[in-house]
Structure formats: structure tokens, C-alpha cells
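Asks: Dropping the structure in here first, questions after.
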Amino acid sequence: MGTTLSIEFPFGRYHATPWSQGPNSGDVEWPPSPWRLFRALIAVGHTRCPDVTPESIDSLLIELGNPDAYLAGELSVGSTRHYMPDIAHSTKEPGRTDLVLDAFGVSSGPLTVKIHWDRTLSESAEQTLRILADRLPYLGRSESICTAKLDDHDHCPDSRWWRKGITGDDFEFKALLGVDGPPVRNQLEATTTATRKRGDVYPAGSVLISYGRQRPARSPAVVRPHAPKVTAIQFQLVSSVPMRMRNAILLADTCHAALRKQLDTAQQDSLELLVGRDGDSPRRQQHDHTHILVHPASIADSPYEAAATADLLTLWIPGGTTGELAQSIVRQLRRVRTAREHLEDRFPEQRLLLVGVGTLDDVLPEALSQTSTRWRSLTPYLPVRHRHRRQTEHEHIAADLAKECSYRGLPDVASVTVIESTEAARNLSQFRRYRVNERMPKQRRGVYLEIDFREPLTQPGQAVVLGQLSHFGFGWFAPV
């Protein structure tokens, strides 16, 4: 039949440092060692059981001896850090404190351990154990509040239990501090300070006891499909002062600088894919690196108003990146701000709240189309090339646009129409078209266009962003 003591930690927390470790080691003794249990029972007898004699406790411990088996719940190890004032600390000046690491075991619910002895106790010893267990307030440090009771059910330890004297390659093992021979009270009551003064790691009369448990059966290896690349990350812009579309280039350029700064620890090829460099040279893979698109919450089929509020920031990475690097971007891009000297380069601080991660189809489906052949400017198109003397303005724009489309692998252009309305001219005049480190003379020429392709776009997840500063949101087209 045997004897089983059941101890439950109702708050799921257990604080106890192994005897051989320092308080800041971060280790947790689990399950509780025989030595710890015996010391706790003696302490309860001293402080809470005036009706129990020391002799009856000594007799109980001799009958018990080291446990034969443990059934211990699973826990995770956590810790808190705080600073305790040392002997020279003064409230009038800072410092003179010591870092204390409080390691503990934690479970999602009540934590239970069953401690089993194969032997059956005498009637008097059993009664003593019941009294001590019923009055045990905690086990380990005082934060480890517990309830204990003598379990009246029969237990036959199986492969789930940690058992004494087990050997074999199929077992995992723990070494717990127990008594070497019959328990002796004055040895169990020895303090760590007294033990260390003698130059010993373990107290006199103790011994390490090996407990083994059957290793859990290994699950068959799971072949996971290759994780899809992340090609789009979208953020909500939150600020006390709204960002206007006319200054979207400021936010996009500052965000680009933040990517370069915050991702210095990323692998070089990943970083280059984000910021568009091959070492010290421009990226040779043309436009597969990040496009930073600042825009209102909805995608229109007509040009954005320069005074419209910028609600979202979408990072589009045509070449794709890993989920790990995407997580790093999300962690780092929490706020975007600038402290530029020139007032024209400043904008209100923007908090970036994650909206979605995946593909462009996931976060911005309305900006894509595999059926439409007509696309219209959302933001001004900035031509890349100089106009030849013999070219008309329209010929220059059409040739420049055709070249850009060929670089992007887009279908051939059937026709290009310049939108020449009063509203378009007003919006165009208000859009800032030069970067943060540039001044007004660098203002690029811009136009609003309507493009007719000879056939629909065939590449899934492909946005149409063309021309100068396209990686900062200019030259963005939407299907009509």
C-alpha cells in the first residue's frame, strides 16, 4: 500500500533554490528534495504544533527515510529581478544596492507533487504526519504557499513517476538532496551559513540521490511546408496631428532611414533587400526591394488629394523577406519622428500600429487587379529621364513610362493620357517631391497619368509603382 503525501501549490508558483546553488543562480529545485521536505516538517513541528513532541517527529522521519518516488507536475522557470539595499545603503543617496534574482517555477494552473514511500507507517507516525501536513503553510521560500495532505488512495508508481534506483538509457534523471542513513535532527537543522563556514557545499549527513523517469516518447518528425515569404507589412498611423498626403515623402524617407538604422544586425542580404543596396552599389535586381507606400484608408480610382489624411503605411517588398525579419521590422518600427533643423522637414510623431503581415493581396487587395488594363495615378508620376530636344512633352512621358514598365516586367503600354485638370494641377503643386536631405531646387517634375496596357497584369500580388521616388510612394497607380 505504501504512504503518499500530496502537496498542491494553488497559485501555480514554487520558489526554491537547490542547496548547492547561490540565490542568484536562477535554478529551481523541482521536485522538492527529501532534505527540504524533512526540514519543513521539523519547522512546522517547532512553530505550529505544540501538541506534537520532537521525539514523535524524529520517529516519523526515521520511519519515512528518503522517498521512493515522485509524481511532479510540469512547470516552466521564470524570474524577477530587483535591487535590495546593502549594509551601506542610505536613503539620501542612490546606489549601494545589490541585484537579487528571484527564480521560480510556474504552471498555468495549480501545481501538484505527490511524494510516495513504499513502506506503510505505524499508526502513531501516520497521525503525526497528518498533523504536520495539515499545518504546512509553504514549501521552499515563503512565497510558495501550499496545502498538503496524506493521500489515502493506493498509488503504484508507473513510468510517469520519478523513481529511486532506476538506471538505463531510456530514462532521464534528477539528483535530489536526501539523508544519508537515518535522519538526524541537528544535521537537518543546519543552516547554509554554517555549512559554508565549514567549507562544505552540502550539509553533514546528506547525500545526492538519483531519481529516474521514463523519457517521453518522441513524436515523429513533422515535415513542415516551406514558410511563404512576407511581401507586405501594413501599419496604422496614429498621431495627435494627422499626416497629410502632400508630405508623405517625409514620412516614407524617415521610415527608410529607420529601417537602415534599426536593422544593422540583420543579415547583409536581408538588409540589402530592404533598403536597395548591393554592398556600396545600387541594387542590381532593379525594383525588388522595399516600397514605402503612405496612403489614406481606402484606395481610390482617382488621384489622392494633397490635403487628404494619411492613415496607413504599407511596406511592399516584391522580392519577399522572411517571417523572422518581418517580426524584427514590426518590433523596431513603433514610432517614426524627425528632429530636423529646417521646419519644412519636420512632421508630427507617428505611432505605427500593426494592421497586417502577409502578401499585398492580404493587406491591400484593392490596389491590385488581374483583369483591368486601365490604371490611373494615385500619386504624381515623376519621370526618370531627361527630355530630348526633339521630343514633345507627351512623347517624353510616354517613352519614359514604357521604359519603366519594361523594367518592372509589366505588359506593353498601349496608350498614355496626361490628366490635365485644374484639380490635378492644384494637387500637383502641393505635393512635396524632394527627399528630406534635399532642398526645393531638387523638386522633380510631376504629372498625373492614365495608362492603358495591351493586356491585364499577369503577376499576382504586383502593384504598379513607377518612376522617380517610386520606392517612396510616388508614381503609384490603381486599377480603374
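Residues in the C-alpha cells are numbered from 1 in each chain, the chains being A, B, ... in the order shown, and ligands are numbered from 1 in the order shown.
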If you count only C-alpha atoms, which residues fall within 7 Å of Ile233 of chain A, apart from same-chain ones fewer than 3 positions away, as a PyMOL selection string?
Replies: chain A and resi 314-316+356-358
Asks: Go ahead and save the picked residues with C-alpha atoms, as a PDB file, in the first residue's frame.
Replies:
```pdb
ATOM      1  CA  THR A 314       2.344  49.831 -46.220  1.00  0.00           C
ATOM      2  CA  LEU A 315       5.761  48.274 -46.792  1.00  0.00           C
ATOM      3  CA  TRP A 316       5.714  46.333 -50.063  1.00  0.00           C
ATOM      4  CA  GLY A 356      -1.369  43.007 -41.080  1.00  0.00           C
ATOM      5  CA  VAL A 357       1.553  40.937 -42.347  1.00  0.00           C
ATOM      6  CA  GLY A 358       1.487  38.720 -45.417  1.00  0.00           C
TER       7      GLY A 358
END
```
Asks: Run DSSP on the backbone and grab whatever in segment 143-346 of chain A lands in strand (DSSP E or B); send it over as a tab-separated table (two decimals) with N, CA and C atoms, in the first residue's frame.
Replies:
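Printed below is states-v9.tsv as written:
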```
chain	number	residue	atom	x	y	z
A	145	ILE	N	3.24	29.19	-1.27
A	145	ILE	CA	2.11	28.79	-0.43
A	145	ILE	C	1.57	27.46	-0.93
A	147	THR	N	-0.87	23.64	0.15
A	147	THR	CA	-1.72	22.82	1.02
A	147	THR	C	-1.23	21.39	0.88
A	148	ALA	N	-1.13	20.69	2.00
A	148	ALA	CA	-0.60	19.32	1.98
A	148	ALA	C	-1.55	18.40	2.74
A	149	LYS	N	-1.60	17.16	2.30
A	149	LYS	CA	-2.44	16.18	2.99
A	149	LYS	C	-1.89	14.78	2.71
A	150	LEU	N	-2.20	13.88	3.59
A	150	LEU	CA	-1.84	12.48	3.41
A	150	LEU	C	-2.86	11.85	2.48
A	151	ASP	N	-2.40	11.34	1.37
A	151	ASP	CA	-3.29	10.77	0.36
A	151	ASP	C	-3.68	9.35	0.76
A	162	TRP	N	9.04	9.84	-11.02
A	162	TRP	CA	10.48	9.83	-10.79
A	162	TRP	C	10.73	8.79	-9.69
A	163	ARG	N	11.52	7.74	-9.99
A	163	ARG	CA	11.70	6.64	-9.04
A	163	ARG	C	13.17	6.49	-8.66
A	164	LYS	N	13.38	6.14	-7.42
A	164	LYS	CA	14.73	5.98	-6.89
A	164	LYS	C	15.32	4.66	-7.37
A	171	PHE	N	15.91	6.49	-19.69
A	171	PHE	CA	15.41	7.28	-18.57
A	171	PHE	C	16.14	8.63	-18.50
A	172	GLU	N	15.43	9.62	-17.98
A	172	GLU	CA	16.05	10.90	-17.63
A	172	GLU	C	16.16	10.96	-16.12
A	173	PHE	N	17.14	11.72	-15.63
A	173	PHE	CA	17.47	11.64	-14.20
A	173	PHE	C	17.54	13.02	-13.56
A	174	LYS	N	17.23	13.05	-12.26
A	174	LYS	CA	17.40	14.22	-11.42
A	174	LYS	C	18.14	13.80	-10.16
A	175	ALA	N	19.04	14.64	-9.66
A	175	ALA	CA	19.74	14.38	-8.40
A	175	ALA	C	19.14	15.28	-7.33
A	176	LEU	N	18.55	14.68	-6.30
A	176	LEU	CA	17.93	15.43	-5.21
A	176	LEU	C	18.67	15.16	-3.91
A	177	LEU	N	18.73	16.16	-3.05
A	177	LEU	CA	19.46	16.05	-1.79
A	177	LEU	C	18.61	15.29	-0.77
A	178	GLY	N	19.13	14.16	-0.30
A	178	GLY	CA	18.43	13.36	0.70
A	178	GLY	C	19.31	13.07	1.90
A	179	VAL	N	18.81	12.25	2.81
A	179	VAL	CA	19.57	11.91	4.02
A	179	VAL	C	20.41	10.67	3.76
A	206	SER	N	24.05	14.44	4.54
A	206	SER	CA	23.24	14.47	3.31
A	206	SER	C	23.94	13.70	2.20
A	207	VAL	N	23.18	13.35	1.18
A	207	VAL	CA	23.72	12.65	0.02
A	207	VAL	C	22.81	12.94	-1.17
A	208	LEU	N	23.40	12.99	-2.36
A	208	LEU	CA	22.61	13.19	-3.57
A	208	LEU	C	22.02	11.85	-4.01
A	209	ILE	N	20.72	11.82	-4.24
A	209	ILE	CA	20.02	10.60	-4.62
A	209	ILE	C	19.50	10.77	-6.04
A	210	SER	N	19.71	9.76	-6.87
A	210	SER	CA	19.28	9.81	-8.26
A	210	SER	C	17.86	9.26	-8.39
A	211	TYR	N	17.02	10.06	-9.04
A	211	TYR	CA	15.65	9.63	-9.37
A	211	TYR	C	15.52	9.65	-10.89
A	212	GLY	N	14.96	8.57	-11.43
A	212	GLY	CA	14.84	8.46	-12.88
A	212	GLY	C	13.39	8.33	-13.32
A	213	ARG	N	13.13	8.80	-14.55
A	213	ARG	CA	11.78	8.71	-15.12
A	213	ARG	C	11.88	8.33	-16.58
A	214	GLN	N	10.95	7.53	-17.05
A	214	GLN	CA	10.92	7.12	-18.45
A	214	GLN	C	10.88	8.36	-19.33
A	230	VAL	N	7.16	36.86	-46.76
A	230	VAL	CA	6.35	38.04	-46.45
A	230	VAL	C	6.68	39.11	-47.49
A	231	THR	N	5.65	39.62	-48.17
A	231	THR	CA	5.88	40.67	-49.16
A	231	THR	C	5.21	41.98	-48.80
A	232	ALA	N	4.43	42.00	-47.71
A	232	ALA	CA	3.76	43.24	-47.33
A	232	ALA	C	3.56	43.30	-45.82
A	233	ILE	N	3.81	44.48	-45.25
A	233	ILE	CA	3.55	44.76	-43.84
A	233	ILE	C	2.82	46.09	-43.78
A	234	GLN	N	1.69	46.11	-43.10
A	234	GLN	CA	0.89	47.35	-43.06
A	234	GLN	C	0.73	47.86	-41.63
A	235	PHE	N	0.86	49.17	-41.47
A	235	PHE	CA	0.73	49.82	-40.17
A	235	PHE	C	-0.36	50.90	-40.22
A	236	GLN	N	-1.05	51.07	-39.11
A	236	GLN	CA	-1.95	52.21	-38.92
A	236	GLN	C	-1.14	53.37	-38.35
A	237	LEU	N	-1.34	54.57	-38.90
A	237	LEU	CA	-0.66	55.76	-38.41
A	237	LEU	C	-1.53	56.44	-37.35
A	238	VAL	N	-0.97	56.64	-36.16
A	238	VAL	CA	-1.70	57.27	-35.06
A	238	VAL	C	-0.88	58.46	-34.58
A	243	MET	N	-1.15	63.30	-40.44
A	243	MET	CA	-0.17	63.47	-41.51
A	243	MET	C	-0.93	63.69	-42.81
A	244	ARG	N	-0.51	64.65	-43.61
A	244	ARG	CA	-1.18	64.93	-44.87
A	244	ARG	C	-0.43	64.28	-46.02
A	277	ARG	N	20.38	48.06	-51.71
A	277	ARG	CA	21.81	48.19	-51.98
A	277	ARG	C	22.42	46.82	-52.20
A	278	ASP	N	23.43	46.76	-53.05
A	278	ASP	CA	24.32	45.60	-53.16
A	278	ASP	C	25.68	46.07	-52.69
A	281	SER	N	26.98	49.61	-53.72
A	281	SER	CA	26.46	49.99	-55.03
A	281	SER	C	24.94	49.87	-55.04
A	282	PRO	N	24.28	50.55	-55.98
A	282	PRO	CA	22.84	50.39	-56.10
A	282	PRO	C	22.48	48.94	-56.40
A	291	HIS	N	9.19	49.09	-51.11
A	291	HIS	CA	8.44	50.30	-51.46
A	291	HIS	C	7.68	50.73	-50.21
A	292	ILE	N	7.78	52.00	-49.87
A	292	ILE	CA	7.10	52.53	-48.68
A	292	ILE	C	5.93	53.37	-49.15
A	293	LEU	N	4.73	52.85	-49.00
A	293	LEU	CA	3.52	53.47	-49.53
A	293	LEU	C	2.73	54.09	-48.37
A	294	VAL	N	2.62	55.40	-48.38
A	294	VAL	CA	1.83	56.13	-47.39
A	294	VAL	C	0.52	56.53	-48.06
A	295	HIS	N	-0.62	56.24	-47.43
A	295	HIS	CA	-1.89	56.45	-48.15
A	295	HIS	C	-3.08	56.53	-47.20
A	309	THR	N	-5.84	62.98	-45.40
A	309	THR	CA	-5.12	62.42	-44.26
A	309	THR	C	-4.47	61.09	-44.63
A	310	ALA	N	-3.22	60.94	-44.28
A	310	ALA	CA	-2.52	59.66	-44.48
A	310	ALA	C	-2.83	58.77	-43.28
A	312	LEU	N	-2.51	55.10	-43.36
A	312	LEU	CA	-1.80	53.82	-43.35
A	312	LEU	C	-0.42	53.97	-43.96
A	313	LEU	N	0.48	53.11	-43.53
A	313	LEU	CA	1.80	52.98	-44.15
A	313	LEU	C	1.99	51.50	-44.48
A	314	THR	N	2.19	51.21	-45.77
A	314	THR	CA	2.34	49.83	-46.22
A	314	THR	C	3.74	49.64	-46.78
A	315	LEU	N	4.46	48.66	-46.24
A	315	LEU	CA	5.76	48.27	-46.79
A	315	LEU	C	5.52	47.14	-47.78
A	316	TRP	N	5.84	47.37	-49.03
A	316	TRP	CA	5.71	46.33	-50.06
A	316	TRP	C	7.11	45.92	-50.49
A	317	ILE	N	7.43	44.63	-50.31
A	317	ILE	CA	8.75	44.09	-50.63
A	317	ILE	C	8.57	43.04	-51.72
A	318	PRO	N	8.64	43.41	-53.00
A	318	PRO	CA	8.37	42.46	-54.08
A	318	PRO	C	9.23	41.21	-54.01
A	319	GLY	N	10.51	41.35	-53.59
A	319	GLY	CA	11.39	40.19	-53.50
A	319	GLY	C	11.09	39.29	-52.33
A	320	GLY	N	10.26	39.76	-51.39
A	320	GLY	CA	9.88	38.95	-50.23
A	320	GLY	C	10.98	38.90	-49.18
A	321	THR	N	10.57	38.70	-47.94
A	321	THR	CA	11.51	38.55	-46.84
A	321	THR	C	11.00	37.47	-45.90
A	335	ARG	N	7.57	53.84	-33.69
A	335	ARG	CA	7.38	55.28	-33.79
A	335	ARG	C	8.31	55.82	-34.87
A	336	VAL	N	7.84	56.80	-35.61
A	336	VAL	CA	8.67	57.48	-36.60
A	336	VAL	C	8.56	58.97	-36.33
```
Asks: Taking only C-alpha atoms into account, which of A:Ala69, A:Arg36, A:Thr191, A:Leu352 comes nearest Ile166 of chain A?
Replies: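 Of A:Ala69, A:Arg36, A:Thr191, A:Leu352, the one nearest Ile166 of chain A, counting only C-alpha atoms, is A:Ala69.
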Asks: Could you list, as a ChimeraX atom specification, every residue within 8 Å of Gln468 of chain A, counting only C-alpha atoms and ignoring same-chain residues fewer than 3 positions away?
Replies: /A:381-384,474-475
Asks: Determine which residues of segment 106-160 of chain A receive a DSSP assignment of helix (DSSP H, G or I), computed from the backbone, and state them as a list in words.
Replies: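 Filtering segment 106-160 of chain A down to helix (DSSP H, G or I) leaves Glu123, Ser124, Ala125, Glu126, Gln127, Thr128, Leu129, Arg130, Ile131, Leu132, Ala133 and Asp134 of chain A.
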Asks: Please produce a file of the residues just selected, as a short mmCIF file (atom, residue, chain, number, x, y, z; two decimals), in the first residue's frame, where the atoms kept are C-alpha atoms.
Replies:
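Wrote it out as result-v7.cif, contents follow:
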```cif
data_model
loop_
_atom_site.label_atom_id
_atom_site.label_comp_id
_atom_site.auth_asym_id
_atom_site.auth_seq_id
_atom_site.Cartn_x
_atom_site.Cartn_y
_atom_site.Cartn_z
CA GLU A 123 -0.38 4.34 13.41
CA SER A 124 1.38 6.95 15.57
CA ALA A 125 3.76 8.02 12.79
CA GLU A 126 0.86 8.32 10.33
CA GLN A 127 -1.06 10.51 12.77
CA THR A 128 2.00 12.74 13.27
CA LEU A 129 2.43 13.10 9.51
CA ARG A 130 -1.25 14.03 9.08
CA ILE A 131 -0.95 16.81 11.66
CA LEU A 132 2.29 18.21 10.21
CA ALA A 133 0.99 18.07 6.63
CA ASP A 134 -2.28 19.77 7.57
#
```
Asks: Can you pull out the residues contacting Leu378 of chain A? Cut-off 8 Å, using only C-alpha atoms, and skip same-chain residues under 6 positions away; I want them as a list in words.
Replies: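 The contact residues come out as Ala300, Asp301, Ser302, Pro303, Tyr304, Tyr448, Gly475, Trp476, Phe477 and Ala478 of chain A.
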Asks: Fewer than 2 positions away in the same chain doesn't count, so skip those; otherwise give me all residues within 9 Å of Pro157 of chain A, counting only C-alpha atoms, as a list in words.
Replies: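 The neighbour list is Ala69, Tyr70, Leu71, His116, His155, Ser159, Arg160, Trp161, Trp162 and Arg163 of chain A.
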Asks: Keeping N, CA and C atoms, export the residues of the selection given above as a JSON list (two decimals), in the first residue's frame.
Replies:
```json
[["chain", "number", "residue", "atom", "x", "y", "z"],
["A", 69, "ALA", "N", 9.54, 7.57, -4.64],
["A", 69, "ALA", "CA", 9.07, 8.05, -5.94],
["A", 69, "ALA", "C", 8.40, 9.41, -5.80],
["A", 70, "TYR", "N", 8.43, 10.17, -6.92],
["A", 70, "TYR", "CA", 7.74, 11.47, -7.01],
["A", 70, "TYR", "C", 6.89, 11.48, -8.28],
["A", 71, "LEU", "N", 5.71, 12.07, -8.18],
["A", 71, "LEU", "CA", 4.92, 12.40, -9.36],
["A", 71, "LEU", "C", 4.80, 13.92, -9.37],
["A", 116, "HIS", "N", 5.94, 9.66, -2.62],
["A", 116, "HIS", "CA", 5.50, 8.31, -2.25],
["A", 116, "HIS", "C", 6.63, 7.52, -1.57],
["A", 155, "HIS", "N", -1.31, 4.09, -4.43],
["A", 155, "HIS", "CA", -0.56, 4.53, -5.61],
["A", 155, "HIS", "C", 0.51, 3.51, -5.94],
["A", 159, "SER", "N", 5.51, 4.67, -15.14],
["A", 159, "SER", "CA", 6.56, 5.35, -15.92],
["A", 159, "SER", "C", 6.49, 6.87, -15.82],
["A", 160, "ARG", "N", 5.39, 7.42, -15.31],
["A", 160, "ARG", "CA", 5.27, 8.87, -15.17],
["A", 160, "ARG", "C", 6.00, 9.39, -13.94],
["A", 161, "TRP", "N", 6.34, 8.51, -13.02],
["A", 161, "TRP", "CA", 6.92, 8.90, -11.73],
["A", 161, "TRP", "C", 8.44, 8.94, -11.81],
["A", 162, "TRP", "N", 9.04, 9.84, -11.02],
["A", 162, "TRP", "CA", 10.48, 9.83, -10.79],
["A", 162, "TRP", "C", 10.73, 8.79, -9.69],
["A", 163, "ARG", "N", 11.52, 7.74, -9.99],
["A", 163, "ARG", "CA", 11.70, 6.64, -9.04],
["A", 163, "ARG", "C", 13.17, 6.49, -8.66]]
```
Asks: So, with only C-alpha atoms as the atoms that count, which of A:His46, A:Arg141, A:Arg39, A:His386 lies closest to Gln187 of chain A?
Replies: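 Closest to Gln187 of chain A of all the choices is A:Arg39.
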Asks: Please determine, counting only C-alpha atoms, which residue among A:Ser108, A:Ser429, A:Thr17, A:Thr379 has the shortest atom-to-atom distance to Leu469 of chain A.
Replies: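 Closest to Leu469 of chain A of all the choices is A:Thr379.
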Asks: To one decimal in Å, tell me the separation between atom CA of Gly409 of chain A and atom CA of His394 of chain A.
Replies: 22.5 Å
Asks: Once you count only C-alpha atoms, what closest atom pair and distance in Å to one decimal does each residue of segment 385-430 of chain A within 12 Å of segment 247-260 of chain A have, with rows by chain and rising residue number, as JSON lines?
Replies:
```
{"residue": "A:Asn427", "atom": "CA", "partner": "A:Asn247", "partner_atom": "CA", "distance": 11.9}
{"residue": "A:Leu428", "atom": "CA", "partner": "A:Asn247", "partner_atom": "CA", "distance": 12.0}
{"residue": "A:Gln430", "atom": "CA", "partner": "A:Asn247", "partner_atom": "CA", "distance": 8.8}
```
Asks: Considering only C-alpha atoms, return as a list in words whatever protein or nucleic-acid residues lie within 9 Å of Val418 of chain A, sequence-local ones (same chain, fewer than 6 positions apart) excluded.
Replies: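 Surrounding residues, per the criterion: His394, Ile397, Val447, Tyr448, Leu449, Glu450 and Ile451 of chain A.
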Asks: Pull C-alpha atoms from the residues just selected and write them as a compact mmCIF listing (two decimals), in the first residue's frame.
Replies:
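Contents of again-v8.txt, as written:
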```
# COMPACT_ATOMS: atom_id res chain seq x y z
CA HIS A 394 3.81 63.77 -74.24
CA ILE A 397 6.44 60.93 -70.77
CA VAL A 447 2.25 64.55 -63.83
CA TYR A 448 -0.92 62.55 -63.29
CA LEU A 449 -1.43 59.82 -65.86
CA GLU A 450 -3.88 57.24 -67.10
CA ILE A 451 -2.25 54.13 -68.60
```
Asks: Give the answer as one residue: which of A:Asp311, A:Asp98, A:Asp288, A:Glu29 has the shortest atom-to-atom distance to Ser239 of chain A, using only C-alpha atoms?
Replies: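 Looking at the shortest contact to Ser239 of chain A, the residue is A:Asp311.
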Asks: My list of candidates is A:Glu143, A:Glu423, A:Asp58, A:Asp51. Which is closest to Arg185 of chain A when distances are computed with only C-alpha atoms?
Replies: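 The shortest atom-to-atom distance to Arg185 of chain A comes from A:Asp58.
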